[in-house]
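Each remark here refers to the structure printed beneath this line.
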Amino acid sequence: METPGAAQMIYSDIVIAILIFSVLLDLFGFKNSLLTRPIFWSSYAIILPFQLLTNWWLTSRNIVMYDPDVISGLRIMSAPVEDLIFGFALILNVMGMWEYWGTKGVQKD
Amino acid sequence: MRESTMLKLSYLAMLIFTMFASFWLEIAFKVHVLRRMKRVLLSLLPISLGFLIWDAYAIAQGHWYFDQKQVTGINGPFSIPIEEILFFLIIPIAVLMTLEGVARIKPQWKHPELRK
């Protein structure tokens, strides 16, 4: 039985596991790690303000709400920090997959 | 339009904004993401499906929930709002357009096997 009021931080735990998985996939799964290249960090620098803006929209207006027990409580521009981490993993892996299929010759140009 | 109807488009509005903010790159920067839809789908489907399974689980567990006044109310499988499904389609496309936009300006930064 759960102790009443005990923080479970389930979203936090899952998102950390996903972050670790996505970083390992990038570093060891694909031939050319995006994390070590300027194209990734430049792209992410462009995406980040939009990520913060759209997360802010969804959370400040309470379009999406979270069970306080599943998050750490740390928020950046109204959104749980977990959202930012989840977005980072999504971005990294989609880009990685895109490059992977390109190197396999699928619609390279 | 009635105010309550407008309000129901709140989540959808963010997705439409993302499309406007990124899809112009297709024309202006000739990123050619939309015309490579097979590669787009192969890239995003495994990732997005994984995240949607998590979404379904989190919704079922009540980890997060949506203000029914601010979503269309159209749900996909497992009570996932249509907006969430569109999120995992539109956001990755916007991401790939940004990556290809940067690659247009800095072709030397591209994956070595993808340089011309």
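FYI, nothing fancy with the structure tokens labels: chains A, B, ... in order, residues from 1 per chain, ligands from 1 as they appear.
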
Self-check item: Spatial neighbours of Arg39 of chain B, 7 Å, only C-alpha atoms, chain gap at least 5 places, as a PyMOL selection string
Solution: chain A and resi 98+101+106-107

Keeping only N, CA and C atoms, write those residues as an mmCIF file, in the first residue's frame.
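File produced: again_0.cif:
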```
data_model
loop_
_atom_site.group_PDB
_atom_site.id
_atom_site.type_symbol
_atom_site.label_atom_id
_atom_site.label_comp_id
_atom_site.auth_asym_id
_atom_site.auth_seq_id
_atom_site.Cartn_x
_atom_site.Cartn_y
_atom_site.Cartn_z
ATOM 1 N N TRP A 98 15.719 9.468 -38.692
ATOM 2 C CA TRP A 98 15.713 10.129 -40.008
ATOM 3 C C TRP A 98 17.063 9.941 -40.700
ATOM 4 N N TRP A 101 17.554 6.137 -41.733
ATOM 5 C CA TRP A 101 16.891 5.725 -42.975
ATOM 6 C C TRP A 101 17.536 6.378 -44.189
ATOM 7 N N VAL A 106 16.905 5.295 -48.072
ATOM 8 C CA VAL A 106 15.478 5.589 -48.200
ATOM 9 C C VAL A 106 15.283 7.099 -48.400
ATOM 10 N N GLN A 107 14.875 7.467 -49.598
ATOM 11 C CA GLN A 107 14.601 8.876 -49.929
ATOM 12 C C GLN A 107 15.720 9.782 -49.390
#
```

Exercise. Please return, as an MDAnalysis selection string, all residues of chain A lying within 9 Å of chain B when only C-alpha atoms are considered.
Key: chainID A and resid 10:11 32 34 37:40 42:44 46:47 50 54 57:58 61:71 90:91 93:103 106:109

Output of the above residues as a tab-separated table (two decimals), in the first residue's frame, restricted to N, CA and C atoms:
```tsv
chain	number	residue	atom	x	y	z
A	10	ILE	N	6.28	9.00	-10.72
A	10	ILE	CA	6.30	7.99	-11.76
A	10	ILE	C	6.70	8.59	-13.12
A	11	TYR	N	6.13	9.76	-13.43
A	11	TYR	CA	6.48	10.43	-14.69
A	11	TYR	C	7.99	10.71	-14.71
A	32	ASN	N	26.64	7.67	-36.50
A	32	ASN	CA	27.16	9.01	-36.23
A	32	ASN	C	26.31	9.70	-35.19
A	34	LEU	N	24.36	12.05	-33.00
A	34	LEU	CA	23.90	13.44	-33.16
A	34	LEU	C	24.38	14.31	-31.99
A	37	ARG	N	27.49	16.30	-32.52
A	37	ARG	CA	27.63	17.11	-33.74
A	37	ARG	C	26.89	18.44	-33.64
A	38	PRO	N	27.49	19.49	-34.25
A	38	PRO	CA	26.86	20.82	-34.16
A	38	PRO	C	25.48	20.90	-34.82
A	39	ILE	N	25.19	20.03	-35.78
A	39	ILE	CA	23.88	20.12	-36.44
A	39	ILE	C	22.75	19.84	-35.45
A	40	PHE	N	23.02	18.94	-34.50
A	40	PHE	CA	21.98	18.64	-33.52
A	40	PHE	C	21.76	19.80	-32.57
A	42	SER	N	22.61	22.94	-32.85
A	42	SER	CA	22.08	24.14	-33.52
A	42	SER	C	20.59	23.99	-33.75
A	43	SER	N	20.18	22.81	-34.22
A	43	SER	CA	18.75	22.57	-34.45
A	43	SER	C	17.98	22.65	-33.13
A	44	TYR	N	18.55	22.05	-32.10
A	44	TYR	CA	17.86	22.05	-30.81
A	44	TYR	C	17.74	23.47	-30.24
A	46	ILE	N	17.26	26.08	-31.92
A	46	ILE	CA	16.12	26.71	-32.62
A	46	ILE	C	14.81	26.15	-32.07
A	47	ILE	N	14.79	24.85	-31.82
A	47	ILE	CA	13.55	24.19	-31.38
A	47	ILE	C	13.19	24.56	-29.94
A	50	PHE	N	10.58	27.16	-29.02
A	50	PHE	CA	9.25	26.70	-29.44
A	50	PHE	C	8.73	25.62	-28.49
A	54	THR	N	5.30	26.10	-26.50
A	54	THR	CA	4.15	25.20	-26.67
A	54	THR	C	3.85	24.46	-25.35
A	57	TRP	N	2.03	26.92	-23.19
A	57	TRP	CA	0.64	27.04	-23.63
A	57	TRP	C	-0.21	25.91	-23.02
A	58	LEU	N	0.27	24.70	-23.16
A	58	LEU	CA	-0.51	23.54	-22.72
A	58	LEU	C	-0.67	23.47	-21.19
A	61	ARG	N	-2.41	27.11	-19.30
A	61	ARG	CA	-3.85	27.19	-19.51
A	61	ARG	C	-4.57	25.96	-18.94
A	62	ASN	N	-3.77	25.07	-18.33
A	62	ASN	CA	-4.34	23.82	-17.78
A	62	ASN	C	-5.05	22.98	-18.83
A	63	ILE	N	-4.55	23.02	-20.07
A	63	ILE	CA	-5.08	22.13	-21.10
A	63	ILE	C	-4.69	20.70	-20.72
A	64	VAL	N	-3.43	20.55	-20.28
A	64	VAL	CA	-2.94	19.28	-19.75
A	64	VAL	C	-2.62	19.49	-18.28
A	65	MET	N	-3.06	18.57	-17.45
A	65	MET	CA	-2.79	18.66	-16.02
A	65	MET	C	-2.16	17.36	-15.54
A	66	TYR	N	-1.40	17.46	-14.46
A	66	TYR	CA	-0.63	16.31	-13.97
A	66	TYR	C	-1.02	15.99	-12.53
A	67	ASP	N	-1.04	14.72	-12.23
A	67	ASP	CA	-1.19	14.28	-10.85
A	67	ASP	C	0.08	14.73	-10.13
A	68	PRO	N	-0.03	15.60	-9.11
A	68	PRO	CA	1.18	16.12	-8.45
A	68	PRO	C	2.08	15.02	-7.90
A	69	ASP	N	1.52	13.84	-7.65
A	69	ASP	CA	2.32	12.73	-7.11
A	69	ASP	C	3.26	12.10	-8.12
A	70	VAL	N	3.03	12.32	-9.41
A	70	VAL	CA	3.85	11.61	-10.41
A	70	VAL	C	4.99	12.47	-10.95
A	71	ILE	N	5.04	13.74	-10.56
A	71	ILE	CA	6.10	14.63	-11.07
A	71	ILE	C	6.96	15.14	-9.92
A	90	LEU	N	12.35	12.74	-27.58
A	90	LEU	CA	11.59	12.61	-28.83
A	90	LEU	C	12.35	13.22	-30.01
A	91	ILE	N	12.85	14.43	-29.80
A	91	ILE	CA	13.57	15.16	-30.85
A	91	ILE	C	14.83	14.38	-31.27
A	93	ASN	N	15.65	11.19	-30.93
A	93	ASN	CA	15.44	9.90	-31.57
A	93	ASN	C	14.80	10.00	-32.94
A	94	VAL	N	13.91	10.96	-33.13
A	94	VAL	CA	13.31	11.14	-34.46
A	94	VAL	C	14.39	11.57	-35.47
A	95	MET	N	15.25	12.49	-35.03
A	95	MET	CA	16.36	12.93	-35.90
A	95	MET	C	17.29	11.75	-36.20
A	96	GLY	N	17.57	10.96	-35.18
A	96	GLY	CA	18.45	9.80	-35.35
A	96	GLY	C	17.88	8.81	-36.35
A	97	MET	N	16.59	8.55	-36.23
A	97	MET	CA	15.92	7.63	-37.15
A	97	MET	C	15.93	8.18	-38.57
A	98	TRP	N	15.72	9.47	-38.69
A	98	TRP	CA	15.71	10.13	-40.01
A	98	TRP	C	17.06	9.94	-40.70
A	99	GLU	N	18.14	10.17	-39.96
A	99	GLU	CA	19.48	9.99	-40.54
A	99	GLU	C	19.71	8.51	-40.86
A	100	TYR	N	19.25	7.64	-39.96
A	100	TYR	CA	19.44	6.20	-40.17
A	100	TYR	C	18.82	5.76	-41.50
A	101	TRP	N	17.55	6.14	-41.73
A	101	TRP	CA	16.89	5.73	-42.97
A	101	TRP	C	17.54	6.38	-44.19
A	102	GLY	N	18.06	7.59	-43.99
A	102	GLY	CA	18.78	8.26	-45.08
A	102	GLY	C	20.01	7.47	-45.48
A	103	THR	N	20.77	7.03	-44.47
A	103	THR	CA	21.99	6.26	-44.76
A	103	THR	C	21.66	4.89	-45.35
A	106	VAL	N	16.91	5.30	-48.07
A	106	VAL	CA	15.48	5.59	-48.20
A	106	VAL	C	15.28	7.10	-48.40
A	107	GLN	N	14.87	7.47	-49.60
A	107	GLN	CA	14.60	8.88	-49.93
A	107	GLN	C	15.72	9.78	-49.39
A	108	LYS	N	16.93	9.45	-49.81
A	108	LYS	CA	18.10	10.17	-49.33
A	108	LYS	C	18.04	11.66	-49.68
A	109	ASP	N	17.56	11.98	-50.89
A	109	ASP	CA	17.48	13.39	-51.32
A	109	ASP	C	16.03	13.83	-51.54
```

Quiz prompt | DSSP alpha helix (DSSP H) selection over segment 45-106 of chain B, as JSON, numbers by chain | solution = {"B": [45, 46, 47, 48, 49, 50, 51, 52, 53, 54, 55, 56, 57, 58, 59, 60, 61, 82, 83, 84, 85, 86, 87, 88, 89, 90, 91, 92, 93, 94, 95, 96, 97, 98, 99, 100, 101, 102, 103, 104, 105]}

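Considering only chain A, backbone DSSP assigns strand (DSSP E) to Val64, Met65, Tyr66, Arg75, Ile76, Ala79 and Pro80 of chain A.
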
Quiz item: Looking at A:Gln51, A:Arg75, A:Leu92, A:Phe86, which one is nearest to Ala17 of chain A, with distances taken over only C-alpha atoms?
Solution: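 Selected residue with least distance to Ala17 of chain A: A:Phe86.
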